[in-house]
Amino acid sequence: MSASPLAEPPAPATATATAGLWPYALETYARPGVADLCLEAQDAHDADVPPLLWGAWAAARGRMLSDGDLAAAAALADRWRGPVIIPLRQARRALKALAADAPDVASLRQAVKAAELEAERLYMAALEDLARDWPSPSAPLAARDNLARLLPPGAALVTERLHKALS
């Protein structure tokens, strides 16, 4: 399993739910176990990692995701995940194998990895924009309920383990 480019930049040490989704996502993803669980959810359950982090961010802001929130996130996923992020991820993974035998391919892989990271950042900016009409942040909620709404029912074990890693 290859690591997501989301782990690349150093995570800010003081990001909070009010700091914005991207800083929150970088910090959260860097916590022990979170990246592995997100990648497990992605690879085993076809989960989309940016909305998972968005759901955790929403819970940290005191927001239970509504059906409207989920529908809006799904519409964003249709625009970003299939046409942009998945092809970049596939290219990055394929280039990793090629770079092992051809070191000059490594710079191309790094460029694709940077493009994938930027695509994830822009996708998360669009997810964060969905929160513009949410009420001001309030007391945090348990992320479990938001994660359960974003992951398929068969991912209950991953949902619980991810919730614990985020707590």
# chains A, B, ... in the order shown; residues from 1 in each chain; ligands from 1
$ closest_atom_pairs --of "region 20-100 of chain A" --to "region 147-151 of chain A" --cutoff "12 Å" --atoms "only C-alpha atoms" --output "Markdown table"
| residue | atom | partner | partner_atom | distance |
| --- | --- | --- | --- | --- |
| A:Cys38 | CA | A:Leu151 | CA | 10.6 |
| A:Glu40 | CA | A:Leu151 | CA | 11.6 |
| A:Ala41 | CA | A:Leu151 | CA | 7.8 |
| A:Gln42 | CA | A:Leu151 | CA | 9.5 |
| A:Ala44 | CA | A:Leu151 | CA | 10.9 |
| A:His45 | CA | A:Leu151 | CA | 7.6 |
| A:Asp46 | CA | A:Leu151 | CA | 8.6 |
| A:Ala47 | CA | A:Leu151 | CA | 6.2 |
| A:Asp48 | CA | A:Leu150 | CA | 8.4 |
| A:Val49 | CA | A:Leu150 | CA | 9.6 |
| A:Pro50 | CA | A:Leu150 | CA | 10.5 |
| A:Pro51 | CA | A:Leu150 | CA | 7.3 |
| A:Leu52 | CA | A:Leu147 | CA | 6.2 |
| A:Leu53 | CA | A:Leu147 | CA | 8.7 |
| A:Trp54 | CA | A:Leu147 | CA | 9.4 |
| A:Gly55 | CA | A:Leu147 | CA | 6.2 |
| A:Ala56 | CA | A:Leu147 | CA | 7.1 |
| A:Trp57 | CA | A:Leu147 | CA | 10.6 |
| A:Ala58 | CA | A:Leu147 | CA | 10.3 |
| A:Ala59 | CA | A:Leu147 | CA | 9.3 |
| A:Met64 | CA | A:Arg149 | CA | 9.9 |
| A:Leu65 | CA | A:Arg149 | CA | 8.0 |
| A:Ser66 | CA | A:Arg149 | CA | 9.3 |
| A:Asp67 | CA | A:Arg149 | CA | 9.2 |
| A:Asp69 | CA | A:Arg149 | CA | 10.7 |
| A:Leu70 | CA | A:Leu150 | CA | 7.7 |
| A:Ala71 | CA | A:Leu150 | CA | 10.7 |
| A:Ala73 | CA | A:Leu150 | CA | 9.6 |
| A:Ala74 | CA | A:Leu150 | CA | 9.6 |
| A:Ala77 | CA | A:Leu150 | CA | 11.8 |
$ select_by_dssp --residues "chain A" --states "helix (DSSP H, G or I)" --output "VMD selection string"
chain A and resid 5 to 7 17 to 19 21 to 29 34 to 45 49 to 60 67 to 101 103 to 133 144 to 150 153 to 166
$ write_last_selection --atoms "C-alpha atoms" --output "CSV table (one decimal), in the first residue's frame"
chain,number,residue,atom,x,y,z
A,5,PRO,CA,0.5,12.4,-0.7
A,6,LEU,CA,-1.5,14.0,2.0
A,7,ALA,CA,1.2,13.0,4.4
A,17,ALA,CA,-11.1,22.8,13.7
A,18,THR,CA,-11.5,26.5,13.4
A,19,ALA,CA,-8.2,26.9,11.5
A,21,LEU,CA,-10.1,22.0,6.8
A,22,TRP,CA,-6.7,21.7,5.1
A,23,PRO,CA,-4.6,22.5,8.3
A,24,TYR,CA,-6.9,20.3,10.3
A,25,ALA,CA,-6.6,17.5,7.7
A,26,LEU,CA,-2.8,17.7,7.7
A,27,GLU,CA,-2.5,17.6,11.4
A,28,THR,CA,-5.1,14.8,11.8
A,29,TYR,CA,-3.6,12.7,9.1
A,34,VAL,CA,-4.8,7.8,11.1
A,35,ALA,CA,-3.1,7.6,7.7
A,36,ASP,CA,-3.0,3.8,7.8
A,37,LEU,CA,-6.7,3.6,8.7
A,38,CYS,CA,-7.7,6.1,6.0
A,39,LEU,CA,-5.7,4.2,3.4
A,40,GLU,CA,-7.3,0.9,4.7
A,41,ALA,CA,-10.7,2.5,4.3
A,42,GLN,CA,-9.7,3.7,0.8
A,43,ASP,CA,-8.3,0.5,-0.4
A,44,ALA,CA,-10.6,-2.0,1.3
A,45,HIS,CA,-13.9,-0.1,1.2
A,49,VAL,CA,-10.2,10.1,2.3
A,50,PRO,CA,-10.9,13.9,1.9
A,51,PRO,CA,-14.6,13.5,2.9
A,52,LEU,CA,-13.6,11.3,5.9
A,53,LEU,CA,-11.3,14.1,7.1
A,54,TRP,CA,-14.0,16.6,6.4
A,55,GLY,CA,-16.5,14.6,8.4
A,56,ALA,CA,-14.0,14.5,11.4
A,57,TRP,CA,-13.5,18.3,11.0
A,58,ALA,CA,-17.2,18.8,10.9
A,59,ALA,CA,-17.6,16.8,14.1
A,60,ALA,CA,-14.7,18.8,15.7
A,67,ASP,CA,-28.3,14.5,4.2
A,68,GLY,CA,-27.8,17.7,2.3
A,69,ASP,CA,-24.1,17.9,3.4
A,70,LEU,CA,-23.6,14.3,2.3
A,71,ALA,CA,-25.2,15.0,-1.1
A,72,ALA,CA,-23.1,18.1,-1.6
A,73,ALA,CA,-20.0,16.2,-0.7
A,74,ALA,CA,-20.9,13.4,-3.1
A,75,ALA,CA,-21.4,15.9,-5.9
A,76,LEU,CA,-17.9,17.3,-5.2
A,77,ALA,CA,-16.5,13.7,-5.2
A,78,ASP,CA,-18.0,13.2,-8.6
A,79,ARG,CA,-16.1,16.2,-9.9
A,80,TRP,CA,-12.8,15.5,-8.2
A,81,ARG,CA,-12.3,11.9,-7.2
A,82,GLY,CA,-12.9,9.8,-10.4
A,83,PRO,CA,-11.8,12.3,-13.1
A,84,VAL,CA,-8.8,13.8,-11.3
A,85,ILE,CA,-7.5,12.3,-8.1
A,86,ILE,CA,-7.8,8.5,-8.9
A,87,PRO,CA,-6.0,8.9,-12.2
A,88,LEU,CA,-3.2,10.9,-10.5
A,89,ARG,CA,-3.0,8.3,-7.8
A,90,GLN,CA,-2.8,5.5,-10.3
A,91,ALA,CA,-0.1,7.3,-12.3
A,92,ARG,CA,1.9,8.0,-9.0
A,93,ARG,CA,1.7,4.3,-8.0
A,94,ALA,CA,2.7,3.1,-11.5
A,95,LEU,CA,5.6,5.6,-11.6
A,96,LYS,CA,6.8,4.3,-8.3
A,97,ALA,CA,7.4,0.9,-9.8
A,98,LEU,CA,9.0,2.4,-12.9
A,99,ALA,CA,11.3,4.7,-10.8
A,100,ALA,CA,12.8,1.6,-9.1
A,101,ASP,CA,14.4,0.6,-12.5
A,103,PRO,CA,15.9,6.8,-11.5
A,104,ASP,CA,15.2,9.5,-14.1
A,105,VAL,CA,11.5,8.7,-13.7
A,106,ALA,CA,11.6,9.8,-10.0
A,107,SER,CA,11.3,13.5,-10.9
A,108,LEU,CA,8.1,12.8,-13.0
A,109,ARG,CA,6.7,10.7,-10.1
A,110,GLN,CA,7.4,13.7,-7.7
A,111,ALA,CA,5.6,16.0,-10.1
A,112,VAL,CA,2.6,13.7,-10.3
A,113,LYS,CA,2.6,13.4,-6.5
A,114,ALA,CA,2.6,17.2,-6.1
A,115,ALA,CA,-0.3,17.4,-8.6
A,116,GLU,CA,-2.2,14.8,-6.6
A,117,LEU,CA,-1.6,16.7,-3.4
A,118,GLU,CA,-2.7,19.9,-4.9
A,119,ALA,CA,-5.8,18.2,-6.3
A,120,GLU,CA,-6.6,16.9,-2.8
A,121,ARG,CA,-6.1,20.4,-1.4
A,122,LEU,CA,-8.4,22.0,-3.9
A,123,TYR,CA,-11.0,19.2,-3.3
A,124,MET,CA,-10.8,19.9,0.4
A,125,ALA,CA,-11.1,23.6,-0.2
A,126,ALA,CA,-14.4,22.9,-2.0
A,127,LEU,CA,-15.5,20.7,0.9
A,128,GLU,CA,-14.6,23.4,3.4
A,129,ASP,CA,-16.7,25.8,1.3
A,130,LEU,CA,-19.7,23.7,2.0
A,131,ALA,CA,-19.3,24.8,5.6
A,132,ARG,CA,-19.6,28.5,4.9
A,133,ASP,CA,-23.3,28.5,5.9
A,144,ARG,CA,-18.1,8.2,14.8
A,145,ASP,CA,-21.5,9.3,13.5
A,146,ASN,CA,-20.1,11.4,10.7
A,147,LEU,CA,-17.6,8.6,9.7
A,148,ALA,CA,-20.4,6.0,9.8
A,149,ARG,CA,-22.4,8.1,7.3
A,150,LEU,CA,-19.4,8.5,5.0
A,153,PRO,CA,-21.9,-0.3,6.4
A,154,GLY,CA,-19.3,-3.1,5.8
A,155,ALA,CA,-16.6,-0.8,7.1
A,156,ALA,CA,-17.9,-0.7,10.7
A,157,LEU,CA,-14.6,-2.0,12.1
A,158,VAL,CA,-12.6,0.6,10.2
A,159,THR,CA,-15.1,3.3,11.2
A,160,GLU,CA,-14.6,2.4,14.9
A,161,ARG,CA,-10.8,2.2,14.7
A,162,LEU,CA,-10.6,5.4,12.8
A,163,HIS,CA,-12.8,7.1,15.3
A,164,LYS,CA,-10.5,6.0,18.1
A,165,ALA,CA,-7.5,7.2,16.2
A,166,LEU,CA,-9.1,10.6,15.8
$ atom_distance --atom1 "CA of Pro32 (chain A)" --atom2 "CA of Trp134 (chain A)"
29.6 Å
